[in-house]
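File shown: query_5.cif. Contents: mmCIF, C-alpha atoms.
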data_run
#
loop_
_atom_site.label_atom_id
_atom_site.label_comp_id
_atom_site.auth_asym_id
_atom_site.auth_seq_id
_atom_site.Cartn_x
_atom_site.Cartn_y
_atom_site.Cartn_z
CA MET A 1 17.52 -107.81 -74.36
CA LYS A 2 20.85 -106.15 -73.87
CA LYS A 3 19.61 -103.12 -75.75
CA THR A 4 16.57 -102.95 -73.47
CA LEU A 5 18.69 -103.09 -70.32
CA VAL A 6 21.01 -100.40 -71.64
CA LEU A 7 18.00 -98.23 -72.48
CA ILE A 8 16.54 -98.67 -68.99
CA ALA A 9 19.90 -97.82 -67.40
CA CYS A 10 20.15 -94.68 -69.50
CA VAL A 11 16.64 -93.59 -68.50
CA LEU A 12 17.38 -94.16 -64.81
CA LEU A 13 20.64 -92.22 -65.08
CA LEU A 14 18.83 -89.37 -66.82
CA LEU A 15 16.15 -89.27 -64.10
CA ALA A 16 18.79 -89.27 -61.35
CA THR A 17 20.60 -86.42 -63.06
CA VAL A 18 17.41 -84.38 -63.43
CA ALA A 19 16.47 -85.03 -59.78
CA GLY A 20 19.95 -84.00 -58.66
CA CYS A 21 19.73 -80.80 -60.62
CA GLY A 22 16.28 -80.14 -59.15
CA ASN A 23 17.56 -80.62 -55.60
CA LYS A 24 20.49 -78.32 -56.24
CA THR A 25 18.15 -75.69 -57.70
CA GLU A 26 15.82 -75.91 -54.69
CA GLN A 27 18.75 -75.72 -52.24
CA LYS A 28 20.17 -72.75 -54.12
CA ALA A 29 16.78 -71.00 -53.97
CA ALA A 30 16.51 -71.70 -50.24
CA ASP A 31 20.01 -70.38 -49.65
CA THR A 32 19.15 -67.27 -51.68
CA ASP A 33 15.99 -66.65 -49.61
CA LYS A 34 17.93 -67.13 -46.39
CA ALA A 35 20.62 -64.71 -47.51
CA ALA A 36 17.98 -62.17 -48.51
CA GLN A 37 16.38 -62.19 -45.02
CA PRO A 38 18.02 -59.56 -42.80
CA ALA A 39 19.69 -60.65 -39.58
CA ALA A 40 17.49 -60.44 -36.47
CA THR A 41 17.78 -57.25 -34.44
CA LYS A 42 18.98 -58.03 -30.93
CA ILE A 43 17.74 -56.05 -27.93
CA VAL A 44 18.68 -56.56 -24.29
CA VAL A 45 15.97 -55.77 -21.75
CA GLY A 46 16.70 -55.59 -18.02
CA ALA A 47 13.98 -56.69 -15.62
CA THR A 48 13.30 -57.99 -12.14
CA ALA A 49 12.50 -61.70 -11.95
CA LYS A 50 8.78 -61.74 -11.12
CA PRO A 51 6.59 -60.91 -12.87
CA HIS A 52 8.59 -58.81 -15.33
CA ALA A 53 11.04 -61.41 -16.66
CA GLU A 54 8.22 -63.95 -16.78
CA ILE A 55 6.15 -61.58 -18.92
CA LEU A 56 9.12 -61.01 -21.22
CA GLU A 57 9.44 -64.77 -21.70
CA VAL A 58 5.89 -64.72 -23.11
CA VAL A 59 6.90 -61.89 -25.44
CA LYS A 60 10.12 -63.51 -26.67
CA PRO A 61 8.59 -65.89 -29.27
CA LEU A 62 6.24 -63.15 -30.46
CA LEU A 63 9.24 -60.94 -31.21
CA ALA A 64 11.12 -63.79 -32.89
CA LYS A 65 8.36 -63.86 -35.49
CA GLU A 66 9.05 -60.15 -36.03
CA ASN A 67 12.78 -60.83 -36.55
CA VAL A 68 13.70 -59.40 -33.14
CA ASP A 69 16.01 -61.38 -30.86
CA LEU A 70 15.12 -60.55 -27.24
CA GLU A 71 17.69 -61.15 -24.49
CA ILE A 72 16.30 -60.89 -20.96
CA LYS A 73 18.75 -59.76 -18.30
CA VAL A 74 17.45 -60.35 -14.77
CA PHE A 75 18.48 -57.91 -12.01
CA THR A 76 18.04 -58.81 -8.35
CA ASP A 77 18.45 -55.17 -7.26
CA TYR A 78 15.99 -52.96 -9.14
CA VAL A 79 17.88 -49.81 -8.10
CA GLN A 80 20.55 -50.77 -10.66
CA LEU A 81 18.18 -50.97 -13.63
CA ASN A 82 17.90 -47.29 -14.52
CA PRO A 83 21.66 -46.62 -14.21
CA ALA A 84 22.30 -49.67 -16.43
CA LEU A 85 19.92 -48.26 -19.05
CA LYS A 86 21.31 -44.74 -18.80
CA ASP A 87 24.86 -46.05 -19.26
CA GLY A 88 23.94 -48.18 -22.29
CA GLN A 89 24.44 -51.60 -20.68
CA ILE A 90 20.89 -52.55 -21.72
CA ASP A 91 18.50 -51.30 -24.41
CA ALA A 92 15.38 -51.02 -22.23
CA ASN A 93 14.13 -51.91 -18.78
CA PHE A 94 10.86 -53.19 -17.40
CA PHE A 95 10.31 -52.97 -13.65
CA GLN A 96 9.04 -49.55 -12.59
CA HIS A 97 6.06 -47.22 -12.54
CA ILE A 98 5.89 -43.61 -13.76
CA PRO A 99 6.36 -41.87 -10.37
CA TYR A 100 9.52 -43.92 -9.76
CA LEU A 101 10.89 -42.99 -13.20
CA ASP A 102 10.07 -39.31 -12.69
CA ASP A 103 11.81 -39.34 -9.31
CA TYR A 104 14.90 -41.04 -10.77
CA ASN A 105 15.13 -38.58 -13.67
CA ALA A 106 14.79 -35.58 -11.35
CA LYS A 107 17.44 -36.80 -8.92
CA ASN A 108 19.95 -38.03 -11.49
CA LYS A 109 19.67 -35.44 -14.27
CA SER A 110 18.42 -38.19 -16.53
CA ASP A 111 15.93 -38.12 -19.41
CA LEU A 112 14.80 -41.74 -19.66
CA VAL A 113 11.32 -42.09 -21.19
CA TRP A 114 8.54 -44.67 -21.05
CA THR A 115 6.76 -46.09 -24.08
CA VAL A 116 3.87 -48.34 -22.98
CA LYS A 117 1.97 -49.27 -19.82
CA VAL A 118 1.79 -53.01 -19.23
CA HIS A 119 0.36 -54.00 -15.84
CA ASN A 120 -0.42 -52.93 -12.29
CA GLU A 121 0.99 -54.70 -9.24
CA PRO A 122 -1.26 -53.73 -6.32
CA MET A 123 0.78 -53.17 -3.17
CA GLY A 124 -0.42 -55.04 -0.09
CA ILE A 125 -0.12 -55.30 3.69
CA TYR A 126 1.20 -58.66 4.91
CA SER A 127 1.77 -60.23 8.30
CA LYS A 128 2.78 -63.59 9.75
CA LYS A 129 1.53 -62.60 13.20
CA ILE A 130 -2.00 -61.33 12.66
CA THR A 131 -4.79 -61.97 10.19
CA SER A 132 -6.77 -58.79 10.83
CA LEU A 133 -5.70 -55.20 11.45
CA ASP A 134 -8.09 -55.11 14.41
CA LYS A 135 -5.58 -57.34 16.20
CA LEU A 136 -2.61 -55.04 15.61
CA ALA A 137 -1.04 -53.99 18.90
CA ASP A 138 -0.01 -50.46 19.81
CA GLY A 139 3.62 -49.74 18.91
CA ALA A 140 3.64 -52.41 16.20
CA LYS A 141 6.69 -52.62 13.93
CA VAL A 142 5.87 -51.93 10.26
CA GLY A 143 8.27 -52.30 7.32
CA ILE A 144 7.92 -50.29 4.11
CA PRO A 145 10.13 -49.84 1.00
CA ASN A 146 12.94 -47.34 1.43
CA ASP A 147 12.90 -45.76 -2.04
CA ALA A 148 11.14 -42.42 -2.30
CA THR A 149 8.09 -43.16 -4.43
CA ASN A 150 7.35 -46.68 -3.18
CA GLY A 151 7.84 -45.50 0.39
CA GLY A 152 5.24 -42.79 -0.16
CA ARG A 153 2.97 -45.25 -1.90
CA ALA A 154 3.26 -47.63 1.08
CA LEU A 155 2.28 -44.81 3.45
CA MET A 156 -0.78 -44.21 1.28
CA VAL A 157 -1.69 -47.90 1.69
CA LEU A 158 -1.31 -47.57 5.47
CA GLU A 159 -3.60 -44.55 5.31
CA GLN A 160 -6.10 -46.57 3.25
CA ALA A 161 -5.99 -49.13 6.08
CA LYS A 162 -6.75 -46.31 8.58
CA LEU A 163 -3.54 -46.95 10.51
CA ILE A 164 -2.20 -43.43 9.88
CA LYS A 165 -3.35 -40.15 8.39
CA LEU A 166 -1.18 -38.07 6.05
CA LYS A 167 -1.15 -34.38 5.24
CA ALA A 168 -3.80 -33.59 2.65
CA GLY A 169 -2.60 -33.81 -0.94
CA VAL A 170 0.91 -35.08 -0.22
CA GLY A 171 0.36 -38.25 -2.28
CA VAL A 172 3.27 -40.43 -3.39
CA ALA A 173 5.81 -37.86 -2.17
CA ALA A 174 4.80 -38.61 1.43
CA THR A 175 7.42 -39.37 4.06
CA GLU A 176 7.12 -40.18 7.74
CA LYS A 177 7.25 -36.43 8.42
CA ASP A 178 3.90 -36.09 6.65
CA ILE A 179 2.08 -38.35 9.13
CA VAL A 180 -0.33 -36.17 11.10
CA GLU A 181 -2.16 -38.95 12.95
CA ASN A 182 -0.80 -42.28 14.21
CA PRO A 183 -3.31 -43.54 16.79
CA LYS A 184 -1.61 -46.91 17.36
CA LYS A 185 1.83 -45.29 17.44
CA ILE A 186 3.12 -47.80 14.91
CA VAL A 187 6.88 -47.74 14.35
CA ILE A 188 7.60 -47.48 10.61
CA THR A 189 10.95 -48.76 9.35
CA PRO A 190 11.96 -48.14 5.71
CA MET A 191 14.12 -50.91 4.25
CA ASP A 192 15.20 -52.45 0.97
CA ALA A 193 12.04 -53.54 -0.84
CA ALA A 194 13.42 -56.95 -1.75
CA MET A 195 14.07 -57.71 1.94
CA LEU A 196 10.52 -57.07 3.12
CA PRO A 197 9.10 -60.61 2.62
CA ARG A 198 12.00 -62.01 4.68
CA THR A 199 11.43 -59.39 7.37
CA LEU A 200 7.91 -60.62 8.16
CA GLU A 201 9.32 -62.88 10.90
CA ASP A 202 10.70 -59.85 12.76
CA THR A 203 7.98 -57.26 12.11
CA ASP A 204 4.26 -57.11 12.78
CA LEU A 205 3.38 -55.87 9.30
CA CYS A 206 5.12 -55.15 6.02
CA VAL A 207 3.83 -53.22 3.01
CA ILE A 208 5.18 -55.11 0.00
CA ASN A 209 5.14 -54.63 -3.77
CA SER A 210 3.45 -57.56 -5.51
CA ASN A 211 6.58 -58.50 -7.47
CA TYR A 212 8.56 -59.00 -4.27
CA ALA A 213 5.62 -60.73 -2.60
CA LEU A 214 5.58 -63.22 -5.50
CA GLU A 215 9.34 -63.74 -5.25
CA GLY A 216 8.87 -64.36 -1.52
CA LYS A 217 6.30 -67.09 -2.33
CA LEU A 218 3.41 -64.98 -1.07
CA ASN A 219 0.11 -64.92 -2.92
CA PRO A 220 -0.94 -61.25 -3.04
CA VAL A 221 -4.63 -62.11 -3.43
CA LYS A 222 -4.79 -64.75 -0.68
CA ASP A 223 -2.03 -63.70 1.74
CA SER A 224 -2.39 -59.92 1.94
CA ILE A 225 -4.58 -58.41 4.66
CA ILE A 226 -5.35 -55.38 2.50
CA MET A 227 -4.50 -54.69 -1.14
CA GLU A 228 -4.18 -51.38 -2.92
CA ALA A 229 -6.94 -50.67 -5.45
CA LYS A 230 -6.27 -52.48 -8.75
CA ASP A 231 -6.82 -49.30 -10.74
CA SER A 232 -4.02 -47.45 -8.95
CA PRO A 233 -1.95 -45.02 -11.07
CA PHE A 234 1.20 -47.11 -10.67
CA ALA A 235 1.20 -49.05 -13.93
CA ASN A 236 4.50 -50.75 -14.74
CA ILE A 237 6.09 -49.41 -17.90
CA LEU A 238 8.70 -50.14 -20.57
CA VAL A 239 11.51 -47.57 -20.33
CA VAL A 240 14.17 -46.62 -22.90
CA ARG A 241 16.62 -43.86 -23.76
CA PRO A 242 14.97 -41.01 -25.74
CA ALA A 243 16.91 -41.75 -28.94
CA ASP A 244 15.62 -45.34 -28.97
CA LYS A 245 11.92 -44.66 -28.37
CA ASP A 246 10.89 -44.91 -32.03
CA LYS A 247 13.29 -47.64 -33.12
CA ASP A 248 11.54 -50.50 -34.90
CA ALA A 249 12.56 -53.20 -32.40
CA ILE A 250 11.42 -51.10 -29.42
CA VAL A 251 8.08 -50.33 -31.07
CA LYS A 252 7.59 -54.06 -31.75
CA LEU A 253 8.48 -54.83 -28.13
CA GLY A 254 5.89 -52.34 -26.89
CA LYS A 255 3.19 -53.84 -29.10
CA ALA A 256 4.08 -57.35 -27.95
CA LEU A 257 3.87 -56.31 -24.28
CA GLN A 258 0.32 -55.11 -24.93
CA SER A 259 -0.68 -58.19 -26.93
CA PRO A 260 -3.64 -60.49 -26.22
CA GLU A 261 -1.12 -63.20 -25.31
CA VAL A 262 0.32 -61.08 -22.49
CA LYS A 263 -3.13 -60.07 -21.26
CA LYS A 264 -4.20 -63.72 -21.09
CA PHE A 265 -0.97 -64.66 -19.31
CA LEU A 266 -1.41 -61.94 -16.67
CA GLU A 267 -5.02 -62.89 -15.99
CA GLU A 268 -4.41 -66.65 -15.84
CA LYS A 269 -1.01 -66.73 -14.14
CA TYR A 270 -1.46 -64.08 -11.44
CA GLN A 271 -5.24 -64.01 -10.96
CA GLY A 272 -5.48 -60.49 -9.55
CA SER A 273 -1.99 -59.93 -8.16
CA CYS A 274 -0.87 -58.43 -11.50
CA VAL A 275 -3.58 -56.92 -13.67
CA PRO A 276 -3.34 -55.62 -17.27
CA ALA A 277 -3.02 -51.85 -17.64
CA PHE A 278 -3.99 -51.82 -21.33
#
Go through the file and emit its structure as structure tokens.
Amino acid sequence: MKKTLVLIACVLLLLATVAGCGNKTEQKAADTDKAAQPAATKIVVGATAKPHAEILEVVKPLLAKENVDLEIKVFTDYVQLNPALKDGQIDANFFQHIPYLDDYNAKNKSDLVWTVKVHNEPMGIYSKKITSLDKLADGAKVGIPNDATNGGRALMVLEQAKLIKLKAGVGVAATEKDIVENPKKIVITPMDAAMLPRTLEDTDLCVINSNYALEGKLNPVKDSIIMEAKDSPFANILVVRPADKDKDAIVKLGKALQSPEVKKFLEEKYQGSCVPAF
């Protein structure tokens, strides 16, 4: 009996030893695989809060699967985003359209480049005082963005609404000096784009970018009196420094921004206020 018990004890000890060796071997293999995997590449992307940072949140887990660690840096003042990219504070930015980028590069001797088009944000006319442009009084106060390209774009929207007429062919470069007809003698006041939703209490109309309308808790589809055509040429783009355009992490970011997941998010979340441009 004693011999049997000793034999059983020996067998159990042998099995425990083998199991322990197996566990150590498996752990060693796992540690080896982990060591063999390269560290994730980190990229910092600057963006305005809505919808850009929200879109990047959708992209973040997609990039994690590609071994890219995305840090999203939210800017409240979009004017600071291109200087931050130019100076190397961030690796890319996502907030602007091509005419805005071209204007910035020309005025600042910069050579920032775009990689992919992501979405359009139709600009709209909003008011808290009227629900139809037929009710707009003569001499009405109208707010528009004060940066060059979005100011010109807003004037084009006012022309679309038949409130003014611009010189033929002036396009996005339009300024108030290019207004050739203003039958209602509306008074146009350029101001910081982010302030426009808050200015609706003091103005009769404001022409507002969809991202700032969303931040101001306005629904571009339901609350705007008139919206810019959804196929406008002002697609929002991913922008980088020229030397980074073909870097692996940036290429992966561009592909993720044009993924089916992002398209579905844009269509379901914004329902017409932000539409895919790919």
Give me the residues near A:Asn182 as an mmCIF file with C-alpha atoms, in the coordinates of the input, where near means some atom within 8 Å (using all atoms listed in the file) and where sequence neighbours in that chain fewer than 4 positions away do not count.
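Produced file part14.cif, reproduced below:
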data_model
loop_
_atom_site.group_PDB
_atom_site.id
_atom_site.type_symbol
_atom_site.label_atom_id
_atom_site.label_comp_id
_atom_site.auth_asym_id
_atom_site.auth_seq_id
_atom_site.Cartn_x
_atom_site.Cartn_y
_atom_site.Cartn_z
ATOM 1 C CA LEU A 163 -3.540 -46.950 10.510
ATOM 2 C CA ILE A 164 -2.200 -43.430 9.880
ATOM 3 C CA LYS A 165 -3.350 -40.150 8.390
ATOM 4 C CA ILE A 186 3.120 -47.800 14.910
#
Residues in the PyMOL selection byres ((chain A and resi 226) around 7), expressed as a list in words: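 So the PyMOL selection byres ((chain A and resi 226) around 7) ends up selecting Gly124, Ile125, Ser224, Ile225, Met227 and Glu228 of chain A.
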Minimum-distance residue to A:Pro51, chosen among A:Thr115, A:Gln271, A:Thr189, A:Asn211 (using only C-alpha atoms):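 Among the listed residues, the smallest separation from A:Pro51 belongs to A:Asn211.
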Residues matched by the PyMOL selection byres ((chain A and resi 219) around 12) as a ChimeraX atom specification: /A:122-126,197,208-218,220-225,227,269-274
Residue list as JSON, numbers by chain for point (18.6, -54.7, -21.4), cut-off 6 Å, only C-alpha atoms: {"A": [44, 45, 46, 73, 90, 91, 92, 93]}
Ground truth for the PyMOL selection byres ((chain A and resi 144-158) around 9), written as a PyMOL selection string: chain A and resi 79+99-100+103+123-125+142-143+159-166+170-176+179+188-196+205-209+226-228
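For the set A:Leu266, A:Val116, A:Val58, A:Ala168, the residue with the smallest atom-to-atom gap to A:His97 is A:Val116, counting all atoms listed in the file.
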Atom CA of A:Ile130 to atom CA of A:Val180, distance in Å rounded to a single decimal: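 Between these atoms lies a distance of 25.3 Å.
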Nearest residue to A:Val68 from the set A:Leu136, A:Ala49, A:Val251, A:Val275 (distances using only C-alpha atoms):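 Nearest candidate to A:Val68 out of A:Leu136, A:Ala49, A:Val251, A:Val275: A:Val251.
As for atom CA of A:Ala256 and atom CA of A:Val240, they are spaced 15.6 Å apart.
Atom to atom, atom CA of A:Lys141 and atom CA of A:Val187 stand 4.9 Å apart.
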Test item: residues at most 9 Å from A:Leu56, only C-alpha atoms, excluding those fewer than 2 positions along its chain, as a PyMOL selection string: chain A and resi 45+47+51-54+58-60+70+72+94+257+262
Taking C-alpha atoms for each residue, export the selection above as a PDB file, keeping the file's coordinate frame.
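Below is the file again.pdb, written as the result:
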ATOM      1  CA  VAL A  45      15.970 -55.770 -21.750  1.00  0.00           C
ATOM      2  CA  ALA A  47      13.980 -56.690 -15.620  1.00  0.00           C
ATOM      3  CA  PRO A  51       6.590 -60.910 -12.870  1.00  0.00           C
ATOM      4  CA  HIS A  52       8.590 -58.810 -15.330  1.00  0.00           C
ATOM      5  CA  ALA A  53      11.040 -61.410 -16.660  1.00  0.00           C
ATOM      6  CA  GLU A  54       8.220 -63.950 -16.780  1.00  0.00           C
ATOM      7  CA  VAL A  58       5.890 -64.720 -23.110  1.00  0.00           C
ATOM      8  CA  VAL A  59       6.900 -61.890 -25.440  1.00  0.00           C
ATOM      9  CA  LYS A  60      10.120 -63.510 -26.670  1.00  0.00           C
ATOM     10  CA  LEU A  70      15.120 -60.550 -27.240  1.00  0.00           C
ATOM     11  CA  ILE A  72      16.300 -60.890 -20.960  1.00  0.00           C
ATOM     12  CA  PHE A  94      10.860 -53.190 -17.400  1.00  0.00           C
ATOM     13  CA  LEU A 257       3.870 -56.310 -24.280  1.00  0.00           C
ATOM     14  CA  VAL A 262       0.320 -61.080 -22.490  1.00  0.00           C
TER      15      VAL A 262
END
